[in-house]
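Heads up: the structure comes next, in structure tokens.
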Amino acid sequence: MSEQKILKFRLSSVCFCALMLIFFTSIQAHATSSHYHSLLTEAEALSHSEPAKVQALLTELNRNFDQLSQKERDRLLLVDAHQLILKGAYEHAKQKINSLFYHDLATEQMIRAYSLLSQMAYVESDYERAFRYLNEMLPLVELTTDIASQQIVYSVAAEQFIGAGDHEKAKEYALSDVAIAKQIGTDKAQCDALIGLMFVYQEMKNDLAVEETYNQALKFCEAGNEVLYLGMAKLTYSEMLSSRGGYQQAYEKALEGLAHLEAVDYRWGIIESKLQIAKLLVLMGDDQAAEQLLDIVVPEAERFEMLVEYADALLLSAELEEKKGNHKAVAEYYKKQRIISNRIMDDAKAQRMAFLQTQFETNEKNRQLALLEKEQQLFELRESASSQRLWILGSVLAVTVGVCLLLFYLMTRYKSNSHQFRHLASVDGLTEIYNRRHGLEIAERVYASHQKRSLPFTVIMADIDWFKQVNDTYGHAAGDRMLKAVASQLRSSIRQNDILARTGGEEFTLFLPGANKAQAQAVIDRCRLSMVPVHEQGRMVTVTLSYGAAVVDEADKTASLDKLIDCADKALYSAKRAGRDRVEFYQAPLNPALSTLSD
């Protein structure tokens, strides 16, 4: 064999060996990459249900971090951050997420990063930053075909619009979330979406929709073993049952929810569950067990700055100490609660202002873009105009558009004014609840329907105690603020179908369709518990109400609503005469010769 042939043979052998080495190396790399992809997918799927297993998977992945692709590293950092958020380690989580932005991210990973940052900012009461992250996410929906990422955006949007008080917008995003979840088709996706919708209905006080959505979500959450969402769903359902007076069933659901949340070590949810259980224990008469729970809840809520939960826990602790006659402890709890209440009010204002500011900036940006587009259109129109005829046609068109816009504006203004006038005719201008006339109109219709079906009906008259002294001491502006605060607290305490109206200067009337004496008492109890002191001129003014109630059942088919209101008014007068800050019931039947008053 010639030297040339030997050289060619050797070269071809070397090339063949090199190709084979590259081939087997690529197969091995692909197998390794596929293995890490599977581990990441499993960790993402279990992130809400099995924290111990997720942590083991994360440990293995971090140990082999250098072997991961850039996309896999991004996914790993996001799962890591999510687990830290569940434990309340927000600063560490933010460091991990912010490290992602040192290189170009895929759209899907950007959505996940912004969603986690937005939720952390929201929890930390940095609402302006939370809404800015949301505004960064929303345009990305149009840039991705990954419907799971689209679901994340709608879920976060629904949550934040709930907090901003825009319930209709929150419901719109939550329903979009549910629609996408159906397309995805997995138990996890549908569980997540339905739980988000349930939270919206809870804020809207639509108990029927909460119950229906809860039952739908339960089967998906259980099938997908979504432990975190099962816990939050059962906690929400417990709160709804409690508002209806079903304390024992609410207590059992709260215990189930707590067990789920402890399984995933979700600190925020654990504190909320224990507070709910303590409230129910007090309502069921087990004060000792409630005190033991509150000893845990109060410092934990303070530590994690859960302001609403902390304030509620302080009020409940004060109530228990008051029963024991420990007035010094009661005063201390009320002092702390007043400070926290002020922070809550400031927090709510900040949240609303951040939302409005972000909305204004977004609208302004859109307006400027629209103006630029119009200017470009006008420029192109001028450039393309070839004759005077086109200019005339353009002028006619512009005038037509202007006339149409003017007509549209006038029609819109007319509809808006009509709606405003109808609103003013039915609502009390100060307290934003029904005025006397409209409240009675609605109550008459509902009462007539209940009488036909022989259903119970209750009327409650509530009057602010010593209101004249507030006006005399602090001025009428302070009195107006107290009226608005009381109306708001009463509205938040009644059931969805109940009717609340301002029927006098400091007098309110509650119409409770279908409510017997026990259910009416439960509503009154919530109203009394919701009353918090009002801050005026550097002092806290205690707010109490006297209540008079009259109940009609199937034995009183001939009783008119006017008669029922008159009996409730007599009961209110009796409560006032007996010392105020108390409840009196005018007992059925409504025959004056047979009726009595009872506390």
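Residue numbers start at 1 in each chain; chains themselves are named A, B, ... in the order of the structure tokens; ligands are numbered from 1 in the order shown.
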
Would you write out, as JSON lines, a table of all residues in stretch 500-547 of chain A that have an atom no more than 7 Å from an atom of stretch 435-451 of chain A, listing for each the closest atom pair and the distance in Å to one decimal, considering only C-alpha atoms and ordering rows by chain and rising residue number?
{"residue": "A:Leu500", "atom": "CA", "partner": "A:Gly439", "partner_atom": "CA", "distance": 6.9}
{"residue": "A:Ala501", "atom": "CA", "partner": "A:Gly439", "partner_atom": "CA", "distance": 5.3}
{"residue": "A:Arg502", "atom": "CA", "partner": "A:Asn435", "partner_atom": "CA", "distance": 5.3}
{"residue": "A:Thr503", "atom": "CA", "partner": "A:Arg436", "partner_atom": "CA", "distance": 4.6}
{"residue": "A:Phe511", "atom": "CA", "partner": "A:Ala443", "partner_atom": "CA", "distance": 6.6}

For those residues, write N, CA and C atoms to a file as a PDB file, in the first residue's frame.
ATOM      1  N   LEU A 500     -80.310  46.995  53.392  1.00  0.00           N
ATOM      2  CA  LEU A 500     -79.903  47.987  54.392  1.00  0.00           C
ATOM      3  C   LEU A 500     -80.270  49.377  53.892  1.00  0.00           C
ATOM      4  N   ALA A 501     -80.929  50.167  54.743  1.00  0.00           N
ATOM      5  CA  ALA A 501     -81.333  51.522  54.353  1.00  0.00           C
ATOM      6  C   ALA A 501     -81.129  52.473  55.535  1.00  0.00           C
ATOM      7  N   ARG A 502     -80.813  53.723  55.189  1.00  0.00           N
ATOM      8  CA  ARG A 502     -80.773  54.772  56.212  1.00  0.00           C
ATOM      9  C   ARG A 502     -82.166  55.393  56.265  1.00  0.00           C
ATOM     10  N   THR A 503     -82.842  55.221  57.406  1.00  0.00           N
ATOM     11  CA  THR A 503     -84.244  55.636  57.492  1.00  0.00           C
ATOM     12  C   THR A 503     -84.453  56.816  58.419  1.00  0.00           C
ATOM     13  N   PHE A 511     -83.545  44.810  56.641  1.00  0.00           N
ATOM     14  CA  PHE A 511     -84.602  43.861  56.287  1.00  0.00           C
ATOM     15  C   PHE A 511     -83.931  42.533  55.952  1.00  0.00           C
TER      16      PHE A 511
END

Find the residues around stretch 200-211 of chain A up to 12 Å (only C-alpha atoms counted), leave out those fewer than 2 positions away in its own chain, and share them as a PDB file with C-alpha atoms, in the first residue's frame.
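Writing done, so here's out25.pdb:
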ATOM      1  CA  SER A 155     -54.808  34.902  37.627  1.00  0.00           C
ATOM      2  CA  ALA A 157     -54.668  40.373  37.323  1.00  0.00           C
ATOM      3  CA  ALA A 158     -57.819  39.017  38.985  1.00  0.00           C
ATOM      4  CA  GLU A 159     -56.099  38.961  42.392  1.00  0.00           C
ATOM      5  CA  GLN A 160     -54.829  42.518  42.151  1.00  0.00           C
ATOM      6  CA  PHE A 161     -58.064  44.023  40.855  1.00  0.00           C
ATOM      7  CA  ILE A 162     -59.848  42.417  43.840  1.00  0.00           C
ATOM      8  CA  GLY A 163     -57.514  44.293  46.167  1.00  0.00           C
ATOM      9  CA  ALA A 164     -58.045  47.536  44.237  1.00  0.00           C
ATOM     10  CA  GLY A 165     -61.817  47.202  44.738  1.00  0.00           C
ATOM     11  CA  ASP A 166     -62.640  46.804  41.032  1.00  0.00           C
ATOM     12  CA  HIS A 167     -64.648  43.601  41.431  1.00  0.00           C
ATOM     13  CA  GLU A 168     -66.135  43.576  37.928  1.00  0.00           C
ATOM     14  CA  LYS A 169     -62.681  43.809  36.329  1.00  0.00           C
ATOM     15  CA  ALA A 170     -61.421  41.102  38.687  1.00  0.00           C
ATOM     16  CA  LYS A 171     -64.349  38.867  37.716  1.00  0.00           C
ATOM     17  CA  GLU A 172     -63.621  39.453  34.009  1.00  0.00           C
ATOM     18  CA  TYR A 173     -60.012  38.305  34.398  1.00  0.00           C
ATOM     19  CA  ALA A 174     -60.992  35.385  36.649  1.00  0.00           C
ATOM     20  CA  LEU A 175     -63.505  34.117  34.061  1.00  0.00           C
ATOM     21  CA  ALA A 193     -58.566  29.032  38.084  1.00  0.00           C
ATOM     22  CA  LEU A 194     -61.724  28.079  39.987  1.00  0.00           C
ATOM     23  CA  ILE A 195     -60.144  28.937  43.339  1.00  0.00           C
ATOM     24  CA  GLY A 196     -59.256  32.394  41.983  1.00  0.00           C
ATOM     25  CA  LEU A 197     -62.857  32.877  40.795  1.00  0.00           C
ATOM     26  CA  MET A 198     -64.127  31.774  44.220  1.00  0.00           C
ATOM     27  CA  THR A 213     -67.536  27.445  42.544  1.00  0.00           C
ATOM     28  CA  TYR A 214     -66.153  25.718  45.655  1.00  0.00           C
ATOM     29  CA  ASN A 215     -67.929  22.453  44.748  1.00  0.00           C
ATOM     30  CA  GLN A 216     -66.602  22.655  41.178  1.00  0.00           C
ATOM     31  CA  ALA A 217     -63.049  23.384  42.329  1.00  0.00           C
ATOM     32  CA  LEU A 218     -62.986  20.675  44.989  1.00  0.00           C
ATOM     33  CA  ALA A 233     -60.628  26.834  49.335  1.00  0.00           C
ATOM     34  CA  LYS A 234     -61.766  25.187  52.570  1.00  0.00           C
ATOM     35  CA  LEU A 235     -60.765  28.250  54.588  1.00  0.00           C
ATOM     36  CA  THR A 236     -62.819  30.499  52.265  1.00  0.00           C
ATOM     37  CA  TYR A 237     -65.779  28.103  52.424  1.00  0.00           C
ATOM     38  CA  SER A 238     -65.522  28.064  56.243  1.00  0.00           C
ATOM     39  CA  GLU A 239     -65.792  31.873  56.321  1.00  0.00           C
ATOM     40  CA  MET A 240     -68.915  31.718  54.162  1.00  0.00           C
ATOM     41  CA  LEU A 241     -70.522  29.050  56.392  1.00  0.00           C
ATOM     42  CA  SER A 242     -69.704  31.135  59.476  1.00  0.00           C
ATOM     43  CA  SER A 243     -71.427  34.177  57.982  1.00  0.00           C
ATOM     44  CA  ARG A 244     -74.552  32.019  57.623  1.00  0.00           C
ATOM     45  CA  ARG A 491     -73.067  46.665  54.995  1.00  0.00           C
ATOM     46  CA  SER A 492     -70.033  44.401  55.391  1.00  0.00           C
ATOM     47  CA  SER A 493     -71.768  42.392  58.158  1.00  0.00           C
ATOM     48  CA  ILE A 494     -75.114  41.554  56.548  1.00  0.00           C
ATOM     49  CA  ARG A 495     -75.857  38.708  54.170  1.00  0.00           C
ATOM     50  CA  GLN A 496     -75.911  39.044  50.389  1.00  0.00           C
ATOM     51  CA  ASN A 497     -79.736  39.154  50.085  1.00  0.00           C
ATOM     52  CA  ASP A 498     -80.322  41.431  53.087  1.00  0.00           C
TER      53      ASP A 498
END

Exercise. Counting only C-alpha atoms, which of A:Ile339, A:Val486, A:Val459, A:Leu564 gets nearest to A:Ala515?
Worked result: A:Val459

For this session: Report as a ChimeraX atom specification: the residues of stretch 47-180 of chain A with a DSSP assignment of helix (DSSP H, G or I), based on the backbone of this structure.
Result: /A:51-63,65-67,70-86,90-102,107-123,127-143,147-163,167-180

Exercise. Can you tell me, as a PyMOL selection string, what residues are no more than 12 Å from A:Leu68 when counting only C-alpha atoms, ignoring any on the same chain fewer than 3 positions away?
Worked result: chain A and resi 29-30+32-37+39-40+60-65+71-77

Exercise. From the set A:Ala549, A:Leu280, A:Cys221, A:Ala106, which residue has the shortest atom-to-atom contact distance to A:Gly246, counting only C-alpha atoms?
Worked result: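 Of A:Ala549, A:Leu280, A:Cys221, A:Ala106, the one nearest A:Gly246, counting only C-alpha atoms, is A:Leu280.
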
Exercise. So which bits of stretch 519-553 of chain A end up strand (DSSP E or B) when you DSSP the backbone, as a PyMOL selection string?
Worked result: chain A and resi 534-536+539-541+545-552

For this session: Point out the residue among A:Pro51, A:Gly285, A:Pro299, A:Gly579 with the least atom-to-atom distance to A:Val264, counting only C-alpha atoms.
Result: A:Pro51

For this session: Give me the residues within 12 Å of stretch 533-537 of chain A as number ranges by chain, counting only C-alpha atoms and dropping any in the same chain fewer than 3 places off.
Result: A: 315, 334-335, 337-339, 341-342, 345, 470-471, 473-486, 489, 528-530, 540-544

Exercise. Suppose you want the space between atom CA of A:Ala568 and atom CA of A:Ile433; what is it in Å?
Worked result: 20.1 Å
